[in-house]
file coords_26.csv (CSV, C-alpha atoms)
chain,number,residue,atom,x,y,z
F,252,MET,CA,-7.2,-14.9,-9.1
F,253,ALA,CA,-9.7,-12.8,-7.1
F,254,PHE,CA,-8.6,-11.5,-3.7
F,255,LYS,CA,-10.2,-12.9,-0.5
F,256,TYR,CA,-11.4,-10.4,2.0
F,257,THR,CA,-11.5,-10.5,5.8
F,258,LEU,CA,-12.9,-8.1,8.4
F,259,GLN,CA,-10.6,-6.6,11.1
F,260,CYS,CA,-12.9,-7.1,14.0
F,261,ASP,CA,-10.7,-5.2,16.5
F,262,THR,CA,-11.6,-2.0,14.7
F,263,LEU,CA,-15.4,-2.5,14.9
F,264,PRO,CA,-15.8,0.0,17.8
F,265,TRP,CA,-15.0,2.8,15.4
F,266,VAL,CA,-18.5,2.2,14.0
F,267,GLY,CA,-20.1,1.4,17.3
F,268,TYR,CA,-19.8,-2.5,17.4
F,269,ASN,CA,-17.8,-5.0,19.5
F,270,VAL,CA,-17.5,-8.5,18.1
F,271,LEU,CA,-17.0,-10.0,21.6
F,272,GLU,CA,-20.2,-8.4,22.9
F,273,GLU,CA,-22.4,-8.9,19.8
F,274,PRO,CA,-20.9,-11.9,17.9
F,275,ASP,CA,-24.0,-12.9,16.0
F,276,VAL,CA,-24.6,-9.4,14.8
F,277,VAL,CA,-21.1,-9.0,13.5
F,278,LEU,CA,-20.7,-12.5,12.0
F,279,GLY,CA,-24.1,-12.2,10.3
F,280,ALA,CA,-23.3,-8.8,8.9
F,281,ALA,CA,-19.9,-10.0,7.6
F,282,ARG,CA,-21.5,-12.9,5.9
F,283,GLU,CA,-24.3,-10.9,4.4
F,284,ALA,CA,-21.9,-8.2,3.1
F,285,GLY,CA,-19.9,-10.9,1.3
F,286,TYR,CA,-16.7,-11.3,3.4
F,287,ASP,CA,-14.7,-14.5,3.3
F,288,GLY,CA,-13.3,-14.3,6.8
F,289,VAL,CA,-13.1,-12.4,10.1
F,290,ASP,CA,-9.8,-11.6,11.9
F,291,LEU,CA,-10.5,-12.0,15.6
F,292,PRO,CA,-9.0,-10.1,18.6
F,293,GLY,CA,-5.9,-11.6,20.3
F,294,ASN,CA,-7.6,-11.8,23.7
F,295,PRO,CA,-7.0,-15.3,25.1
F,296,GLN,CA,-8.9,-14.5,28.3
F,297,ALA,CA,-12.0,-13.4,26.6
F,298,VAL,CA,-12.2,-15.7,23.6
F,299,ASP,CA,-13.4,-19.3,24.0
F,300,ALA,CA,-11.7,-20.9,21.0
F,301,GLY,CA,-14.1,-23.9,20.8
F,302,GLU,CA,-17.2,-21.7,20.9
F,303,TRP,CA,-15.8,-19.1,18.5
F,304,ARG,CA,-14.6,-21.7,16.0
F,305,ARG,CA,-18.1,-23.2,15.9
F,306,ARG,CA,-19.7,-19.7,15.5
F,307,VAL,CA,-17.4,-18.7,12.7
F,308,GLU,CA,-17.8,-22.0,10.8
F,309,ASP,CA,-21.6,-21.9,11.2
F,310,ALA,CA,-21.5,-18.4,9.6
F,311,GLY,CA,-19.6,-19.9,6.6
F,312,LEU,CA,-16.5,-17.8,7.4
F,313,ALA,CA,-12.8,-18.4,8.1
F,314,VAL,CA,-10.4,-16.9,10.7
F,315,PRO,CA,-7.3,-16.0,8.7
F,316,GLU,CA,-5.6,-14.2,11.6
F,317,VAL,CA,-5.8,-13.6,15.3
F,318,LEU,CA,-4.6,-10.0,15.8
F,319,ALA,CA,-2.5,-9.5,18.8
F,320,ALA,CA,-2.8,-6.2,20.8
F,321,TRP,CA,0.6,-4.5,21.2
F,322,GLY,CA,-0.1,-0.8,21.6
F,323,TYR,CA,-0.4,0.4,25.2
F,324,TYR,CA,-3.7,2.2,24.5
F,325,HIS,CA,-5.1,-1.1,23.2
F,326,ALA,CA,-3.4,-3.7,25.4
F,327,GLY,CA,-3.8,-1.9,28.7
F,328,GLU,CA,-0.2,-2.7,29.5
F,329,GLU,CA,3.3,-2.5,28.0
F,330,ARG,CA,4.1,-5.4,25.8
F,331,ASN,CA,7.5,-4.6,24.6
F,332,LEU,CA,9.2,-7.4,22.7
F,333,ALA,CA,12.4,-5.3,22.4
F,334,SER,CA,12.7,-4.3,26.0
F,335,THR,CA,16.0,-4.4,27.8
F,336,ASP,CA,14.1,-5.4,31.0
F,337,PRO,CA,14.0,-9.2,31.0
F,338,ALA,CA,10.7,-9.4,32.9
F,339,LYS,CA,8.9,-7.0,30.5
F,340,ARG,CA,10.2,-8.8,27.5
F,341,ALA,CA,9.3,-12.2,29.0
F,342,ARG,CA,5.7,-11.0,29.7
F,343,ALA,CA,5.4,-9.8,26.1
F,344,VAL,CA,6.7,-13.1,24.7
F,345,GLN,CA,4.3,-15.1,26.9
F,346,TYR,CA,1.4,-13.0,25.6
F,347,ALA,CA,2.5,-13.7,22.0
F,348,LYS,CA,2.7,-17.5,22.8
F,349,ASP,CA,-0.8,-17.4,24.4
F,350,THR,CA,-2.1,-15.7,21.3
F,351,VAL,CA,-0.4,-18.3,19.0
F,352,ASP,CA,-2.2,-21.0,21.0
F,353,LEU,CA,-5.5,-19.2,20.6
F,354,ALA,CA,-4.9,-18.8,16.9
F,355,ALA,CA,-4.2,-22.5,16.5
F,356,ASP,CA,-7.3,-23.5,18.4
F,357,LEU,CA,-9.4,-21.2,16.2
F,358,GLY,CA,-8.0,-22.8,13.0
F,359,ALA,CA,-6.2,-19.5,12.0
F,360,SER,CA,-3.0,-19.3,10.0
F,361,PHE,CA,-1.4,-16.1,11.4
F,362,THR,CA,-0.8,-13.8,14.3
F,363,GLU,CA,1.4,-10.8,14.2
F,364,LEU,CA,4.2,-9.1,16.1
F,365,CYS,CA,4.8,-5.3,16.5
F,366,ALA,CA,7.5,-3.4,18.2
F,367,ALA,CA,5.1,-0.9,19.9
F,368,GLN,CA,6.0,2.3,21.7
F,369,PRO,CA,6.2,2.0,25.5
F,370,ALA,CA,3.6,3.7,27.7
F,371,VAL,CA,5.6,7.0,27.5
F,372,PRO,CA,6.6,7.3,23.8
F,373,GLN,CA,10.3,7.7,23.0
F,374,LEU,CA,10.8,10.2,20.1
F,375,PRO,CA,12.5,10.9,17.8
F,376,PHE,CA,14.8,8.0,18.8
F,377,PRO,CA,14.5,5.3,21.5
F,378,LEU,CA,16.3,5.9,24.8
F,379,GLU,CA,18.4,2.8,24.4
F,380,PRO,CA,20.6,1.9,21.4
F,381,VAL,CA,18.7,0.8,18.4
F,382,GLU,CA,20.9,-2.2,17.8
F,383,THR,CA,20.4,-3.4,21.3
F,384,LEU,CA,16.6,-3.2,20.9
F,385,ARG,CA,16.8,-4.9,17.5
F,386,GLY,CA,18.8,-7.7,19.0
F,387,ASN,CA,16.2,-8.2,21.8
F,388,PHE,CA,13.4,-8.1,19.2
F,389,ARG,CA,15.2,-10.8,17.1
F,390,GLN,CA,15.4,-13.0,20.1
F,391,SER,CA,11.7,-12.6,20.8
F,392,ILE,CA,10.9,-13.5,17.2
F,393,ARG,CA,13.0,-16.6,17.5
F,394,GLU,CA,11.3,-17.7,20.7
F,395,ILE,CA,7.7,-17.0,19.4
F,396,CYS,CA,8.3,-18.7,16.0
F,397,ALA,CA,9.7,-21.8,17.7
F,398,HIS,CA,6.5,-22.0,19.8
F,399,ALA,CA,4.3,-21.3,16.7
F,400,ALA,CA,5.9,-23.7,14.2
F,401,PRO,CA,4.6,-27.1,15.6
F,402,ARG,CA,1.1,-25.4,15.9
F,403,GLY,CA,1.0,-24.5,12.3
F,404,ILE,CA,1.0,-20.8,12.9
F,405,THR,CA,3.0,-18.3,10.8
F,406,ILE,CA,4.2,-15.2,12.6
F,407,LEU,CA,3.9,-11.9,10.7
F,408,LEU,CA,5.9,-8.7,11.3
F,409,GLU,CA,3.8,-5.6,11.1
F,410,PRO,CA,5.7,-2.3,10.9
F,411,LEU,CA,4.1,0.5,12.9
F,412,ASN,CA,4.7,4.2,12.2
F,413,THR,CA,7.3,6.0,14.4
F,414,TYR,CA,4.6,7.6,16.5
F,415,GLU,CA,3.1,4.2,17.5
F,416,GLY,CA,6.2,1.9,17.1
F,417,LEU,CA,9.7,2.1,18.6
F,418,PRO,CA,11.6,4.2,16.1
F,419,GLU,CA,13.9,2.2,13.8
F,420,VAL,CA,13.1,-1.2,15.4
F,421,LEU,CA,10.2,-2.2,13.1
F,422,THR,CA,8.8,0.9,11.4
F,423,THR,CA,9.3,0.1,7.7
F,424,LEU,CA,8.7,-2.9,5.4
F,425,TYR,CA,12.5,-2.8,4.7
F,426,GLN,CA,13.2,-3.5,8.3
F,427,ALA,CA,10.6,-6.3,8.4
F,428,VAL,CA,12.2,-7.9,5.4
F,429,ASN,CA,15.6,-7.7,6.9
F,430,TYR,CA,14.4,-9.6,10.0
F,431,VAL,CA,12.7,-12.3,7.8
F,432,ASP,CA,15.8,-12.7,5.6
F,433,GLU,CA,18.3,-12.7,8.4
F,434,LEU,CA,16.4,-15.2,10.6
F,435,GLY,CA,15.5,-17.5,7.8
F,436,LEU,CA,12.5,-19.0,9.6
F,437,ASP,CA,10.0,-20.9,7.6
F,438,ASN,CA,7.0,-19.6,9.6
F,439,LEU,CA,8.0,-15.9,9.5
F,440,GLY,CA,6.5,-13.3,7.1
F,441,VAL,CA,5.4,-9.7,6.6
F,442,GLN,CA,2.1,-7.9,7.1
F,443,PRO,CA,2.0,-4.4,5.6
F,444,ASP,CA,-0.6,-1.8,6.7
F,445,VAL,CA,-1.4,1.0,4.3
F,446,PHE,CA,-1.9,3.6,7.1
F,447,HIS,CA,1.5,2.9,8.6
F,448,MET,CA,3.2,2.7,5.2
F,449,ASN,CA,1.8,6.1,4.3
F,450,VAL,CA,3.8,7.6,7.2
F,451,GLU,CA,7.0,5.7,6.9
F,452,GLU,CA,7.7,4.5,3.4
F,453,GLY,CA,9.3,6.8,0.8
F,454,SER,CA,7.3,4.9,-1.8
F,455,ILE,CA,4.6,2.4,-1.0
F,456,PRO,CA,4.8,0.7,-4.4
F,457,ASP,CA,8.6,0.3,-4.1
F,458,ALA,CA,8.3,-1.1,-0.6
F,459,LEU,CA,5.6,-3.6,-1.6
F,460,ARG,CA,7.7,-4.8,-4.6
F,461,TYR,CA,10.7,-5.2,-2.3
F,462,ALA,CA,8.7,-7.3,0.2
F,463,GLY,CA,7.3,-9.4,-2.6
F,464,SER,CA,6.5,-13.0,-1.7
F,465,ARG,CA,7.3,-12.4,2.0
F,466,ILE,CA,3.8,-10.6,2.3
F,467,LYS,CA,1.4,-13.2,3.8
F,468,HIS,CA,-1.5,-11.0,5.0
F,469,PHE,CA,-2.4,-7.4,4.1
F,470,HIS,CA,-4.1,-4.6,6.1
F,471,LEU,CA,-6.2,-2.1,4.1
F,472,ASN,CA,-6.4,0.9,6.4
F,473,GLU,CA,-7.0,4.3,4.7
F,474,THR,CA,-4.3,6.9,5.1
F,475,ASN,CA,-6.7,9.2,7.1
F,476,HIS,CA,-8.2,6.3,9.1
F,477,CYS,CA,-11.5,7.1,7.4
F,478,GLN,CA,-13.6,5.5,4.6
F,479,HIS,CA,-11.6,3.7,1.9
F,480,GLY,CA,-11.2,6.1,-1.0
F,481,THR,CA,-11.4,9.3,1.1
F,482,GLY,CA,-7.6,9.4,1.8
F,483,HIS,CA,-4.8,9.4,-0.7
F,484,ALA,CA,-3.9,5.7,-0.8
F,485,ASP,CA,-3.6,4.6,-4.5
F,486,TYR,CA,-5.6,1.4,-4.2
F,487,GLN,CA,-5.4,0.6,-7.9
F,488,GLU,CA,-1.6,0.7,-7.8
F,489,ILE,CA,-1.5,-1.4,-4.5
F,490,PHE,CA,-3.8,-4.0,-6.0
F,491,ARG,CA,-1.8,-4.1,-9.3
F,492,ILE,CA,1.4,-4.7,-7.4
F,493,LEU,CA,-0.1,-7.4,-5.2
F,494,LYS,CA,-1.5,-9.2,-8.2
F,495,GLY,CA,1.8,-8.8,-10.0
F,496,ILE,CA,3.7,-10.5,-7.2
F,497,GLY,CA,1.2,-13.3,-7.1
F,498,TYR,CA,-0.3,-12.5,-3.7
F,499,ASP,CA,-3.0,-15.0,-2.9
F,500,GLY,CA,-3.7,-14.2,0.7
F,501,TYR,CA,-6.5,-12.2,2.3
F,502,LEU,CA,-7.0,-8.4,2.2
F,503,CYS,CA,-8.1,-7.3,5.7
F,504,THR,CA,-10.3,-4.2,5.9
F,505,TYR,CA,-10.3,-1.7,8.8
F,506,MET,CA,-13.4,0.1,9.9
F,507,PRO,CA,-13.5,3.8,9.1
F,508,LYS,CA,-13.1,6.3,11.9
F,509,THR,CA,-16.5,8.0,12.6
F,510,THR,CA,-17.2,10.2,15.6
F,511,GLN,CA,-16.3,10.2,19.3
F,512,ALA,CA,-20.0,9.6,20.2
F,513,VAL,CA,-20.2,6.6,17.9
F,514,LEU,CA,-16.9,5.2,19.1
F,515,GLN,CA,-18.0,5.5,22.7
F,516,SER,CA,-21.4,3.9,22.0
F,517,ALA,CA,-19.8,0.5,21.3
F,518,PRO,CA,-20.8,-2.0,24.0
F,519,GLY,CA,-17.9,-3.1,26.1
F,520,ASN,CA,-15.6,-0.9,24.0
F,521,PRO,CA,-12.0,-2.1,24.7
F,522,PHE,CA,-10.5,1.2,23.4
F,523,LEU,CA,-12.2,3.3,26.1
F,524,PRO,CA,-9.9,4.1,29.0
F,525,GLU,CA,-11.1,3.3,32.5
F,526,GLY,CA,-13.5,5.9,33.8
F,527,ALA,CA,-14.4,7.3,30.3
F,528,SER,CA,-18.1,7.9,29.9
F,529,ALA,CA,-20.0,6.1,27.3
F,530,GLY,CA,-21.4,8.2,24.4
F,531,GLY,CA,-24.8,8.1,23.0
F,532,GLY,CA,-24.0,8.2,19.3
F,533,ALA,CA,-26.3,6.6,16.8
F,534,ARG,CA,-24.2,3.9,15.2
F,535,PRO,CA,-24.6,3.1,11.5
F,536,ASP,CA,-26.1,-0.1,10.1
F,537,LEU,CA,-23.2,-2.6,10.1
F,538,VAL,CA,-24.3,-4.4,6.9
F,539,GLU,CA,-24.5,-1.1,5.1
F,540,VAL,CA,-21.0,-0.1,6.2
F,541,LEU,CA,-19.4,-3.5,5.3
F,542,THR,CA,-21.2,-3.7,2.0
F,543,GLY,CA,-19.9,-0.2,1.1
F,544,LEU,CA,-16.4,-1.0,2.1
F,545,LEU,CA,-16.3,-4.3,0.2
F,546,GLY,CA,-18.1,-2.8,-2.8
F,547,PHE,CA,-15.4,-0.1,-3.2
F,548,LEU,CA,-12.6,-2.6,-3.0
F,549,ARG,CA,-14.1,-5.2,-5.3
F,550,GLU,CA,-14.8,-2.5,-7.9
F,551,THR,CA,-11.2,-1.3,-7.6
F,552,GLU,CA,-10.1,-4.9,-8.1
F,553,ARG,CA,-12.3,-5.3,-11.2
F,554,THR,CA,-10.8,-2.2,-12.7
F,555,VAL,CA,-7.2,-3.4,-12.0
F,556,ASP,CA,-8.0,-6.9,-13.5
F,557,GLN,CA,-9.4,-5.2,-16.7
F,558,SER,CA,-6.4,-3.0,-17.1
F,559,ARG,CA,-4.0,-5.9,-16.5
F,560,GLY,CA,-5.9,-8.0,-19.0
F,561,PHE,CA,-5.7,-5.3,-21.6
F,562,TYR,CA,-2.0,-4.7,-21.3
F,563,GLU,CA,-1.1,-8.4,-21.0
F,564,ALA,CA,-3.2,-9.2,-24.1
F,565,GLY,CA,-0.9,-6.8,-26.0
F,566,GLY,CA,2.3,-8.5,-24.7
F,567,PHE,CA,3.0,-5.9,-22.0
F,568,ARG,CA,3.5,-6.5,-18.3
F,569,PRO,CA,2.6,-3.4,-16.2
call {"tool": "encode", "arguments": {"input": "coords_26.csv", "output": "structure tokens"}}
result
Amino acid sequence: MAFKYTLQCDTLPWVGYNVLEEPDVVLGAAREAGYDGVDLPGNPQAVDAGEWRRRVEDAGLAVPEVLAAWGYYHAGEERNLASTDPAKRARAVQYAKDTVDLAADLGASFTELCAAQPAVPQLPFPLEPVETLRGNFRQSIREICAHAAPRGITILLEPLNTYEGLPEVLTTLYQAVNYVDELGLDNLGVQPDVFHMNVEEGSIPDALRYAGSRIKHFHLNETNHCQHGTGHADYQEIFRILKGIGYDGYLCTYMPKTTQAVLQSAPGNPFLPEGASAGGGARPDLVEVLTGLLGFLRETERTVDQSRGFYEAGGFRP
């Protein structure tokens, strides 16, 4: 079975675009490049679900996931689902519930939870006991999944590397799997991200095999945040494992990091801190960027399918 591909719209500012400011440009480019879907930003205040659902359907695309914003640099506030401060945790839980509602209204299947670092990072270990933080995080997961279940939304746990996520709370796929298995909730799964796995996992292939069928959505984000194939992610091995475990969800592609000038040229760029000056970078043609990304991934998939076919025809199972 061929993979389906979706575009991570929250990362478009890296190449000078903003889906909320230029929706027709982005949706048209995604369709022309051959994408199956677009993952939209988890911004309930800025996204009119009815309008966006119509736009996406008119473009012949799907919305597999609404990506919530958990990092302080992205969210503009601390959204800490593991916080020992009840008010802070409640605010983060409410944001998650609002994002679930948005996802349901958009016809999406997923939204994700992360245990992000607070505004002032805590390294190499959190200031509070890890088990206390994990207990708070488990309770947040329960509350959010209970809200999401009747709305048909599956919650995905995305581990962040230690420099972006609270250390030892949700930084590896093994920790994500432990939460899923311990809580036993029907609408809880795992969302790996190649960039974060590259930092945290001893072996990306072993971690993916261990997570297995718990993987519901997958983030393809190169190890150096640049163009796919320019880092050291082994895409053939990743694709081979996903096909081997019967993964039938979407592969979500991130935009490659370009230059500061291009990043700051994105209209209404949500990643720019208040007071930062806009750049004057000449942004690349979006159709060309997306076509290149998808072309690399589909060629990799074809190579993997050919090798699997060759070995399986001989009675082997790689």
call {"tool": "closest_residue", "arguments": {"input": "coords_26.csv", "among": "F:Glu419, F:Asp432, F:Asp309, F:Asp287", "to": "Ala333 in chain F", "atoms": "only C-alpha atoms"}}
result
F:Glu419
call {"tool": "residues_around", "arguments": {"input": "coords_26.csv", "residues": "Met506 in chain F", "least_positions_apart": "6", "cutoff": "10 Å", "atoms": "only C-alpha atoms", "output": "VMD selection string"}}
result
chain F and resid 258 to 266 471 to 473 476 to 479 540 to 541 544
call {"tool": "write_last_selection", "arguments": {"input": "coords_26.csv", "atoms": "C-alpha atoms", "output": "mmCIF file, in the frame of the given file"}}
result
data_model
loop_
_atom_site.group_PDB
_atom_site.id
_atom_site.type_symbol
_atom_site.label_atom_id
_atom_site.label_comp_id
_atom_site.auth_asym_id
_atom_site.auth_seq_id
_atom_site.Cartn_x
_atom_site.Cartn_y
_atom_site.Cartn_z
ATOM 1 C CA LEU F 258 -12.900 -8.100 8.400
ATOM 2 C CA GLN F 259 -10.600 -6.600 11.100
ATOM 3 C CA CYS F 260 -12.900 -7.100 14.000
ATOM 4 C CA ASP F 261 -10.700 -5.200 16.500
ATOM 5 C CA THR F 262 -11.600 -2.000 14.700
ATOM 6 C CA LEU F 263 -15.400 -2.500 14.900
ATOM 7 C CA PRO F 264 -15.800 0.000 17.800
ATOM 8 C CA TRP F 265 -15.000 2.800 15.400
ATOM 9 C CA VAL F 266 -18.500 2.200 14.000
ATOM 10 C CA LEU F 471 -6.200 -2.100 4.100
ATOM 11 C CA ASN F 472 -6.400 0.900 6.400
ATOM 12 C CA GLU F 473 -7.000 4.300 4.700
ATOM 13 C CA HIS F 476 -8.200 6.300 9.100
ATOM 14 C CA CYS F 477 -11.500 7.100 7.400
ATOM 15 C CA GLN F 478 -13.600 5.500 4.600
ATOM 16 C CA HIS F 479 -11.600 3.700 1.900
ATOM 17 C CA VAL F 540 -21.000 -0.100 6.200
ATOM 18 C CA LEU F 541 -19.400 -3.500 5.300
ATOM 19 C CA LEU F 544 -16.400 -1.000 2.100
#
call {"tool": "closest_residue", "arguments": {"input": "coords_26.csv", "among": "F:Asp437, F:Asp444, F:Glu415, F:Glu394", "to": "Arg340 in chain F", "atoms": "only C-alpha atoms"}}
result
F:Glu394
call {"tool": "atom_distance", "arguments": {"input": "coords_26.csv", "atom1": "CA of Asp499 in chain F", "atom2": "CA of Glu451 in chain F"}}
result
25.0 Å
call {"tool": "closest_residue", "arguments": {"input": "coords_26.csv", "among": "F:Ala284, F:Leu502, F:Val450, F:Leu417", "to": "Glu316 in chain F", "atoms": "all atoms listed in the file"}}
result
F:Leu502
call {"tool": "closest_residue", "arguments": {"input": "coords_26.csv", "among": "F:Glu328, F:Asp290, F:Asp349, F:Asp457", "to": "Val277 in chain F", "atoms": "all atoms listed in the file"}}
result
F:Asp290
call {"tool": "closest_residue", "arguments": {"input": "coords_26.csv", "among": "F:Tyr501, F:Tyr346, F:Phe446, F:Tyr414", "to": "Gly482 in chain F", "atoms": "only C-alpha atoms"}}
result
F:Phe446
call {"tool": "closest_residue", "arguments": {"input": "coords_26.csv", "among": "F:Phe376, F:Arg389, F:Asn294, F:Val307", "to": "Val351 in chain F", "atoms": "only C-alpha atoms"}}
result
F:Asn294
call {"tool": "residues_near_point", "arguments": {"input": "coords_26.csv", "point": "(-17.4, -12.1, 18.4)", "cutoff": "12 Å", "atoms": "only C-alpha atoms", "output": "ChimeraX atom specification"}}
result
/F:258-261,263,268-281,289-294,297-300,302-307,310,314,519
call {"tool": "atom_distance", "arguments": {"input": "coords_26.csv", "atom1": "CA of Thr423 in chain F", "atom2": "CA of Leu353 in chain F"}}
result
27.5 Å
call {"tool": "residues_around", "arguments": {"input": "coords_26.csv", "residues": "Leu378 in chain F", "least_positions_apart": "6", "cutoff": "12 Å", "atoms": "only C-alpha atoms", "output": "number ranges by chain"}}
result
F: 334-335, 368-369, 371-372, 384, 417-419
call {"tool": "residues_around", "arguments": {"input": "coords_26.csv", "residues": "Ile395 in chain F", "least_positions_apart": "5", "cutoff": "12 Å", "atoms": "all atoms listed in the file", "output": "number ranges by chain"}}
result
F: 332, 340-341, 343-352, 362-364, 388-390, 400-402, 404-408, 436, 438-439
call {"tool": "decode", "arguments": {"input": "coords_26.csv", "residues": "range 292-311 of chain F", "atoms": "N, CA and C atoms", "output": "PDB file, in the first residue's frame"}}
result
ATOM      1  N   PRO F 292      -2.775  24.491  11.642  1.00  0.00           N
ATOM      2  CA  PRO F 292      -2.328  24.955  12.957  1.00  0.00           C
ATOM      3  C   PRO F 292      -3.426  24.851  14.014  1.00  0.00           C
ATOM      4  N   GLY F 293      -3.026  24.490  15.236  1.00  0.00           N
ATOM      5  CA  GLY F 293      -3.951  24.431  16.363  1.00  0.00           C
ATOM      6  C   GLY F 293      -4.135  25.802  16.968  1.00  0.00           C
ATOM      7  N   ASN F 294      -4.823  26.671  16.250  1.00  0.00           N
ATOM      8  CA  ASN F 294      -5.054  28.035  16.701  1.00  0.00           C
ATOM      9  C   ASN F 294      -6.558  28.298  16.641  1.00  0.00           C
ATOM     10  N   PRO F 295      -7.303  27.890  17.689  1.00  0.00           N
ATOM     11  CA  PRO F 295      -8.768  27.999  17.650  1.00  0.00           C
ATOM     12  C   PRO F 295      -9.271  29.424  17.459  1.00  0.00           C
ATOM     13  N   GLN F 296      -8.480  30.424  17.871  1.00  0.00           N
ATOM     14  CA  GLN F 296      -8.918  31.814  17.733  1.00  0.00           C
ATOM     15  C   GLN F 296      -8.778  32.321  16.294  1.00  0.00           C
ATOM     16  N   ALA F 297      -7.859  31.732  15.537  1.00  0.00           N
ATOM     17  CA  ALA F 297      -7.567  32.254  14.201  1.00  0.00           C
ATOM     18  C   ALA F 297      -8.163  31.425  13.071  1.00  0.00           C
ATOM     19  N   VAL F 298      -8.605  30.214  13.373  1.00  0.00           N
ATOM     20  CA  VAL F 298      -9.104  29.317  12.332  1.00  0.00           C
ATOM     21  C   VAL F 298     -10.612  29.177  12.450  1.00  0.00           C
ATOM     22  N   ASP F 299     -11.329  29.640  11.438  1.00  0.00           N
ATOM     23  CA  ASP F 299     -12.775  29.442  11.349  1.00  0.00           C
ATOM     24  C   ASP F 299     -12.989  28.055  10.733  1.00  0.00           C
ATOM     25  N   ALA F 300     -13.455  27.105  11.544  1.00  0.00           N
ATOM     26  CA  ALA F 300     -13.510  25.711  11.109  1.00  0.00           C
ATOM     27  C   ALA F 300     -14.391  25.523   9.883  1.00  0.00           C
ATOM     28  N   GLY F 301     -15.559  26.155   9.861  1.00  0.00           N
ATOM     29  CA  GLY F 301     -16.454  25.991   8.723  1.00  0.00           C
ATOM     30  C   GLY F 301     -15.838  26.485   7.436  1.00  0.00           C
ATOM     31  N   GLU F 302     -15.246  27.678   7.498  1.00  0.00           N
ATOM     32  CA  GLU F 302     -14.613  28.255   6.302  1.00  0.00           C
ATOM     33  C   GLU F 302     -13.456  27.395   5.827  1.00  0.00           C
ATOM     34  N   TRP F 303     -12.615  26.954   6.778  1.00  0.00           N
ATOM     35  CA  TRP F 303     -11.440  26.177   6.400  1.00  0.00           C
ATOM     36  C   TRP F 303     -11.796  24.791   5.890  1.00  0.00           C
ATOM     37  N   ARG F 304     -12.827  24.208   6.464  1.00  0.00           N
ATOM     38  CA  ARG F 304     -13.245  22.888   5.976  1.00  0.00           C
ATOM     39  C   ARG F 304     -13.677  22.981   4.519  1.00  0.00           C
ATOM     40  N   ARG F 305     -14.403  24.034   4.187  1.00  0.00           N
ATOM     41  CA  ARG F 305     -14.826  24.225   2.800  1.00  0.00           C
ATOM     42  C   ARG F 305     -13.624  24.456   1.886  1.00  0.00           C
ATOM     43  N   ARG F 306     -12.683  25.296   2.347  1.00  0.00           N
ATOM     44  CA  ARG F 306     -11.496  25.578   1.528  1.00  0.00           C
ATOM     45  C   ARG F 306     -10.730  24.291   1.210  1.00  0.00           C
ATOM     46  N   VAL F 307     -10.513  23.492   2.234  1.00  0.00           N
ATOM     47  CA  VAL F 307      -9.713  22.279   2.065  1.00  0.00           C
ATOM     48  C   VAL F 307     -10.438  21.280   1.169  1.00  0.00           C
ATOM     49  N   GLU F 308     -11.727  21.115   1.393  1.00  0.00           N
ATOM     50  CA  GLU F 308     -12.495  20.191   0.549  1.00  0.00           C
ATOM     51  C   GLU F 308     -12.516  20.659  -0.899  1.00  0.00           C
ATOM     52  N   ASP F 309     -12.647  21.959  -1.123  1.00  0.00           N
ATOM     53  CA  ASP F 309     -12.647  22.489  -2.489  1.00  0.00           C
ATOM     54  C   ASP F 309     -11.308  22.238  -3.188  1.00  0.00           C
ATOM     55  N   ALA F 310     -10.246  22.182  -2.389  1.00  0.00           N
ATOM     56  CA  ALA F 310      -8.922  21.919  -2.948  1.00  0.00           C
ATOM     57  C   ALA F 310      -8.676  20.426  -3.166  1.00  0.00           C
ATOM     58  N   GLY F 311      -9.639  19.593  -2.768  1.00  0.00           N
ATOM     59  CA  GLY F 311      -9.486  18.153  -2.946  1.00  0.00           C
ATOM     60  C   GLY F 311      -8.518  17.524  -1.966  1.00  0.00           C
TER      61      GLY F 311
END
